[in-house]
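Take a look at the structure set out below.
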Amino acid sequence: MRTIIVGGVAGGMSAATRLRRLDEDREIVVFERGSHVSFANCGLPYYVGGAIAERSSLLLQTPEALTARFRITVAVRHEVVAIDPVAHTVDVVDLDSGVSRTEHYDDLVLAMGASAEPRHGAVPNTTLRSLDDVDRIMSVLADVDEPRAVVVGAGFIGLEAVENLLARGAHVTLVQRGPQVLSPLDPEMAAPVRRVLEHAGVDVRCGTTVVGSGPGVVRLSDGTEVSADLVVQASGVAPESGLARAAGLAIGPTGGIAVDRRQRTSVASVWAVGDGVEKIDRIDAEPTLVTMAGLANRHGRAAADDIAGHDAGEAAPASGTSIVGVLGVTIGLIGWSERRLAAAGRAHRVIHTHPFSHATYYPGAEQMAMKLLVDPNDDRILGAQIVGGDGVDKRLDVIAVAMAAGLTASSLSNLELAYAPQYGSAKDPINLLGNVAENIARGIDRSIQWHELSDYRAAGAVVVDVRSAAEHAAGSIPGAVLMPLDELRARHRELPNAPLVVHCQVGQRGHTAVRLLTQLGHDVRNLDGGWLTWSAGTSASQNPSAQAPHA
């Protein structure tokens, strides 16, 4: 039996090596149109910034090593340009010699991934997806004493590019078409990330696009020009599905190759894996695109199991678990955002907390902003976003496991998690999320969101700040009545006979105030996430192009 795999890197090489482990007798051939069949594409930005010192560290496997260990035939700089699914053949072009040939397969795996094309202009222009891209970037940086770079796109790759270009001494302008950096985040969660970028000297231009260039300058849609020695395109990718489409394979509504839960395409003896393939979304069970190396590796393995006749079960749905670090801040997210839930008309409940990474009495504790999205009908976890420093990754992973296991939001309060003062708290931030979720689900607490406050005030609600006088003086919601929590019991009769919205700094004292005032006869709600969430959200909304999650 002969298996041909089109494309290497994560999905293709996972399929190839897994298949060899399962079938020693099979002939396995990999055609890769690039110069390298297996490299650490997630590490590329960090070579630019110098965190990874040696370029060779990015090369995970060579064709020679794969042949020696796995008896896999690897042909780099070879592009598959056509598939004949009836004859079971592919047409291959040697990109160096220009010679074409036809190769037969019994099984075919497509792992072409996704692509982003750099635009041409008067300024050197590149993506950041291959070693060739990195070499172009490093060449420009080496030739200019004080380089000026424009990064187009404020997603994960764009932010990694910004951080590492700064590390190389470049001045960076970040151009983002949408109203905020990191568009998968809700605005109040993205606002702190923008502040960190601007504090580091990045010129952030949201609601803006590149419209042209001239010698040493890039022209923007806001009517300005910025000096530039380099443009890095990081504005997104599209599935490499053209080859599959031409061969008659079904293409899904997202533009990715349609596959079943075993990575089989619509054509017999053809499988597809990686970034160019549709996944099934965990929240709504609909096709989606998720471009993550972990999923590519998992699905490459699954395709190999199916080809070799091993029943590994059906692929799990995709949650979109993602994490990125920029300038000391870690941003993690999973599932759907509040904006996406609202746009889909899906009922949801929102919880914000601001816990510390570990016990505050132990040195080095860092505060996080956590957001949990919950189905109000069945308490199912629909998504989460976390922004902070130390400890973001492990909390995100706990939520990812909880979602995969079908745990409810309230049940997070009962998870028994590792605790020592330098690692966590007796009530871990995950447990605190569960406590809040349980309180709201049981009607013990009632809350509103930062973007709902103006409507409540318009309907006659009064805002009560239960923080200290010093906290209030440092920053407050205009028109809020100051009544510190410890004075509420004695002074609550001074409050107007109207619906109340109480708030503290992060929401915890607000919850205590809700319980007290409710039992004293007041109609009261807690401003979820307190002053920190409200101030972040209103800061984001001051951008004319920004949209609240409900918009």
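Here's how to read the names in the structure tokens: chain A, B, ... by the order shown, residue numbers from 1 in each chain, ligand numbers from 1 in the order shown.
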Shell around Ala154 of chain A at 10 Å using only C-alpha atoms, local window under 2 positions removed, as a PyMOL selection string: chain A and resi 151-152+156-162+174-178+180-183+194+204-206+234-236
For segment 225-316 of chain A versus segment 86-107 of chain A, which residues have an atom no more than 8 Å away, and what is each residue's nearest atom pair and distance in Å rounded to one decimal, using only C-alpha atoms, chain-then-number order, as a Markdown table?
```
| residue | atom | partner | partner_atom | distance |
| --- | --- | --- | --- | --- |
| A:Ser269 | CA | A:Asp107 | CA | 4.9 |
| A:Val270 | CA | A:Asp107 | CA | 6.1 |
| A:Trp271 | CA | A:Asp107 | CA | 7.9 |
| A:Ile307 | CA | A:Asp107 | CA | 7.4 |
```
For all heavy atoms, I'd like the residues from the last selection saved as a PDB file, in the first residue's frame.
```pdb
ATOM      1  N   SER A 269     -10.839   7.326  -0.137  1.00  0.00           N
ATOM      2  CA  SER A 269      -9.375   7.178  -0.051  1.00  0.00           C
ATOM      3  C   SER A 269      -8.644   8.507   0.073  1.00  0.00           C
ATOM      4  O   SER A 269      -7.432   8.567  -0.132  1.00  0.00           O
ATOM      5  CB  SER A 269      -8.830   6.398  -1.265  1.00  0.00           C
ATOM      6  OG  SER A 269      -9.433   5.120  -1.351  1.00  0.00           O
ATOM      7  N   VAL A 270      -9.368   9.580   0.398  1.00  0.00           N
ATOM      8  CA  VAL A 270      -8.730  10.891   0.591  1.00  0.00           C
ATOM      9  C   VAL A 270      -9.128  11.433   1.968  1.00  0.00           C
ATOM     10  O   VAL A 270     -10.314  11.545   2.277  1.00  0.00           O
ATOM     11  CB  VAL A 270      -9.124  11.894  -0.506  1.00  0.00           C
ATOM     12  CG1 VAL A 270      -8.394  13.219  -0.284  1.00  0.00           C
ATOM     13  CG2 VAL A 270      -8.819  11.333  -1.888  1.00  0.00           C
ATOM     14  N   TRP A 271      -8.116  11.757   2.758  1.00  0.00           N
ATOM     15  CA  TRP A 271      -8.298  12.361   4.071  1.00  0.00           C
ATOM     16  C   TRP A 271      -7.732  13.788   4.031  1.00  0.00           C
ATOM     17  O   TRP A 271      -6.917  14.106   3.157  1.00  0.00           O
ATOM     18  CB  TRP A 271      -7.559  11.557   5.146  1.00  0.00           C
ATOM     19  CG  TRP A 271      -8.167  10.229   5.490  1.00  0.00           C
ATOM     20  CD1 TRP A 271      -8.867   9.898   6.611  1.00  0.00           C
ATOM     21  CD2 TRP A 271      -8.115   9.014   4.711  1.00  0.00           C
ATOM     22  NE1 TRP A 271      -9.258   8.580   6.594  1.00  0.00           N
ATOM     23  CE2 TRP A 271      -8.806   8.009   5.433  1.00  0.00           C
ATOM     24  CE3 TRP A 271      -7.551   8.680   3.468  1.00  0.00           C
ATOM     25  CZ2 TRP A 271      -8.950   6.710   4.965  1.00  0.00           C
ATOM     26  CZ3 TRP A 271      -7.702   7.382   2.999  1.00  0.00           C
ATOM     27  CH2 TRP A 271      -8.388   6.415   3.738  1.00  0.00           C
ATOM     28  N   ILE A 307      -6.652   5.260   8.356  1.00  0.00           N
ATOM     29  CA  ILE A 307      -6.041   4.622   7.188  1.00  0.00           C
ATOM     30  C   ILE A 307      -5.534   3.233   7.543  1.00  0.00           C
ATOM     31  O   ILE A 307      -5.679   2.270   6.773  1.00  0.00           O
ATOM     32  CB  ILE A 307      -4.892   5.498   6.650  1.00  0.00           C
ATOM     33  CG1 ILE A 307      -5.451   6.788   6.048  1.00  0.00           C
ATOM     34  CG2 ILE A 307      -4.065   4.743   5.612  1.00  0.00           C
ATOM     35  CD1 ILE A 307      -4.401   7.831   5.736  1.00  0.00           C
TER      36      ILE A 307
END
```
Tell me, counting only C-alpha atoms, for each residue of segment 4-111 of chain A within 10 Å of segment 121-143 of chain A, which pair of atoms is nearest and how far apart they are in Å to one decimal, in rows ordered by chain and increasing number, as JSON lines.
```
{"residue": "A:Gly34", "atom": "CA", "partner": "A:Ser130", "partner_atom": "CA", "distance": 8.5}
{"residue": "A:Ser35", "atom": "CA", "partner": "A:Asp132", "partner_atom": "CA", "distance": 8.4}
{"residue": "A:His36", "atom": "CA", "partner": "A:Leu131", "partner_atom": "CA", "distance": 8.1}
{"residue": "A:Phe39", "atom": "CA", "partner": "A:Leu131", "partner_atom": "CA", "distance": 8.1}
{"residue": "A:Ala40", "atom": "CA", "partner": "A:Ser130", "partner_atom": "CA", "distance": 8.9}
{"residue": "A:Asn41", "atom": "CA", "partner": "A:Arg129", "partner_atom": "CA", "distance": 6.2}
{"residue": "A:Cys42", "atom": "CA", "partner": "A:Arg129", "partner_atom": "CA", "distance": 8.4}
{"residue": "A:Gly43", "atom": "CA", "partner": "A:Arg129", "partner_atom": "CA", "distance": 9.8}
{"residue": "A:Leu44", "atom": "CA", "partner": "A:Val134", "partner_atom": "CA", "distance": 6.7}
{"residue": "A:Pro45", "atom": "CA", "partner": "A:Leu128", "partner_atom": "CA", "distance": 7.4}
{"residue": "A:Tyr47", "atom": "CA", "partner": "A:Val134", "partner_atom": "CA", "distance": 8.0}
{"residue": "A:Val48", "atom": "CA", "partner": "A:Met138", "partner_atom": "CA", "distance": 6.7}
{"residue": "A:Gly49", "atom": "CA", "partner": "A:Met138", "partner_atom": "CA", "distance": 9.7}
{"residue": "A:Arg55", "atom": "CA", "partner": "A:Leu131", "partner_atom": "CA", "distance": 8.6}
{"residue": "A:Leu58", "atom": "CA", "partner": "A:Leu131", "partner_atom": "CA", "distance": 8.4}
{"residue": "A:Leu59", "atom": "CA", "partner": "A:Leu131", "partner_atom": "CA", "distance": 9.2}
```
Please produce an output containing N, CA and C atoms for each residue in the selection, written as a compact mmCIF listing (two decimals), in the first residue's frame.
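Dumped everything to part22.txt:
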```
# COMPACT_ATOMS: atom_id res chain seq x y z
N GLY A 34 7.35 23.74 0.29
CA GLY A 34 8.32 24.63 0.91
C GLY A 34 9.70 23.99 0.99
N SER A 35 10.62 24.74 1.58
CA SER A 35 12.00 24.24 1.69
C SER A 35 12.21 23.36 2.91
N HIS A 36 11.24 23.36 3.84
CA HIS A 36 11.41 22.61 5.08
C HIS A 36 10.12 21.84 5.37
N PHE A 39 9.12 22.30 10.77
CA PHE A 39 9.76 23.39 11.48
C PHE A 39 8.78 23.98 12.49
N ALA A 40 9.31 24.68 13.47
CA ALA A 40 8.50 25.24 14.55
C ALA A 40 7.93 26.59 14.14
N ASN A 41 6.82 26.56 13.40
CA ASN A 41 6.29 27.84 12.91
C ASN A 41 5.79 28.72 14.06
N CYS A 42 5.39 28.12 15.19
CA CYS A 42 4.98 28.94 16.33
C CYS A 42 6.17 29.64 16.99
N GLY A 43 7.38 29.17 16.69
CA GLY A 43 8.56 29.79 17.26
C GLY A 43 9.17 30.87 16.40
N LEU A 44 8.65 31.07 15.20
CA LEU A 44 9.26 32.02 14.26
C LEU A 44 9.39 33.44 14.83
N PRO A 45 8.32 34.00 15.44
CA PRO A 45 8.47 35.38 15.95
C PRO A 45 9.56 35.50 17.00
N TYR A 47 12.37 33.88 17.21
CA TYR A 47 13.69 33.95 16.60
C TYR A 47 13.97 35.39 16.14
N VAL A 48 12.94 36.04 15.61
CA VAL A 48 13.08 37.45 15.23
C VAL A 48 13.49 38.28 16.43
N GLY A 49 12.86 38.04 17.57
CA GLY A 49 13.13 38.84 18.77
C GLY A 49 14.38 38.43 19.52
N ARG A 55 18.81 29.78 14.52
CA ARG A 55 17.84 29.44 13.50
C ARG A 55 17.64 27.93 13.40
N LEU A 58 14.79 25.95 15.11
CA LEU A 58 13.44 25.92 14.55
C LEU A 58 13.20 24.71 13.64
N LEU A 59 14.28 24.06 13.24
CA LEU A 59 14.16 22.90 12.35
C LEU A 59 13.98 21.65 13.19
```
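Among the candidates A:Val481, A:Leu433, A:Ala420, A:Val387, the one nearest to Ile399 of chain A when counting only C-alpha atoms is A:Leu433.
For segment 351-357 of chain A, the list of residues within 6 Å, based on only C-alpha atoms and with local chain neighbours fewer than 6 positions off taken out, reads Ala365, Glu366, Gln367, Met368, Ala369, Met370, Lys371, Leu372, Gly391, Pro429, Val506, Asp528 and Gly529 of chain A.
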Please, could you write that set of residues out with N, CA, C and O atoms as a PDB file, in the first residue's frame?
```
ATOM      1  N   ALA A 365       2.420  37.872  43.568  1.00  0.00           N
ATOM      2  CA  ALA A 365       1.064  37.613  43.077  1.00  0.00           C
ATOM      3  C   ALA A 365       0.679  38.645  42.021  1.00  0.00           C
ATOM      4  O   ALA A 365       0.925  39.840  42.180  1.00  0.00           O
ATOM      5  N   GLU A 366       0.078  38.190  40.936  1.00  0.00           N
ATOM      6  CA  GLU A 366      -0.332  39.066  39.833  1.00  0.00           C
ATOM      7  C   GLU A 366      -1.827  38.944  39.608  1.00  0.00           C
ATOM      8  O   GLU A 366      -2.378  37.841  39.612  1.00  0.00           O
ATOM      9  N   GLN A 367      -2.453  40.088  39.385  1.00  0.00           N
ATOM     10  CA  GLN A 367      -3.902  40.100  39.219  1.00  0.00           C
ATOM     11  C   GLN A 367      -4.289  39.705  37.802  1.00  0.00           C
ATOM     12  O   GLN A 367      -3.617  40.048  36.831  1.00  0.00           O
ATOM     13  N   MET A 368      -5.386  38.964  37.699  1.00  0.00           N
ATOM     14  CA  MET A 368      -5.941  38.557  36.416  1.00  0.00           C
ATOM     15  C   MET A 368      -7.329  39.164  36.242  1.00  0.00           C
ATOM     16  O   MET A 368      -8.016  39.452  37.225  1.00  0.00           O
ATOM     17  N   ALA A 369      -7.735  39.345  35.001  1.00  0.00           N
ATOM     18  CA  ALA A 369      -9.125  39.627  34.670  1.00  0.00           C
ATOM     19  C   ALA A 369      -9.686  38.366  34.029  1.00  0.00           C
ATOM     20  O   ALA A 369      -9.145  37.882  33.033  1.00  0.00           O
ATOM     21  N   MET A 370     -10.740  37.811  34.621  1.00  0.00           N
ATOM     22  CA  MET A 370     -11.332  36.572  34.118  1.00  0.00           C
ATOM     23  C   MET A 370     -12.782  36.827  33.729  1.00  0.00           C
ATOM     24  O   MET A 370     -13.513  37.526  34.425  1.00  0.00           O
ATOM     25  N   LYS A 371     -13.174  36.232  32.627  1.00  0.00           N
ATOM     26  CA  LYS A 371     -14.550  36.364  32.157  1.00  0.00           C
ATOM     27  C   LYS A 371     -15.066  34.986  31.778  1.00  0.00           C
ATOM     28  O   LYS A 371     -14.409  34.261  31.017  1.00  0.00           O
ATOM     29  N   LEU A 372     -16.211  34.621  32.299  1.00  0.00           N
ATOM     30  CA  LEU A 372     -16.817  33.317  32.015  1.00  0.00           C
ATOM     31  C   LEU A 372     -18.178  33.543  31.383  1.00  0.00           C
ATOM     32  O   LEU A 372     -18.974  34.353  31.874  1.00  0.00           O
ATOM     33  N   GLY A 391      -0.069  32.496  35.837  1.00  0.00           N
ATOM     34  CA  GLY A 391      -1.240  31.719  36.218  1.00  0.00           C
ATOM     35  C   GLY A 391      -2.377  31.699  35.232  1.00  0.00           C
ATOM     36  O   GLY A 391      -3.339  30.936  35.409  1.00  0.00           O
ATOM     37  N   PRO A 429      -8.757  30.859  41.803  1.00  0.00           N
ATOM     38  CA  PRO A 429      -9.577  31.669  40.891  1.00  0.00           C
ATOM     39  C   PRO A 429     -10.640  30.867  40.142  1.00  0.00           C
ATOM     40  O   PRO A 429     -11.722  31.393  39.859  1.00  0.00           O
ATOM     41  N   VAL A 506     -13.802  45.081  42.315  1.00  0.00           N
ATOM     42  CA  VAL A 506     -13.765  43.894  41.447  1.00  0.00           C
ATOM     43  C   VAL A 506     -15.031  43.058  41.512  1.00  0.00           C
ATOM     44  O   VAL A 506     -15.178  42.107  40.756  1.00  0.00           O
ATOM     45  N   ASP A 528     -21.286  43.680  37.747  1.00  0.00           N
ATOM     46  CA  ASP A 528     -20.380  42.539  37.588  1.00  0.00           C
ATOM     47  C   ASP A 528     -18.958  42.996  37.274  1.00  0.00           C
ATOM     48  O   ASP A 528     -18.731  43.805  36.380  1.00  0.00           O
ATOM     49  N   GLY A 529     -18.003  42.455  38.031  1.00  0.00           N
ATOM     50  CA  GLY A 529     -16.605  42.803  37.808  1.00  0.00           C
ATOM     51  C   GLY A 529     -16.191  44.135  38.377  1.00  0.00           C
ATOM     52  O   GLY A 529     -15.011  44.506  38.292  1.00  0.00           O
TER      53      GLY A 529
END
```
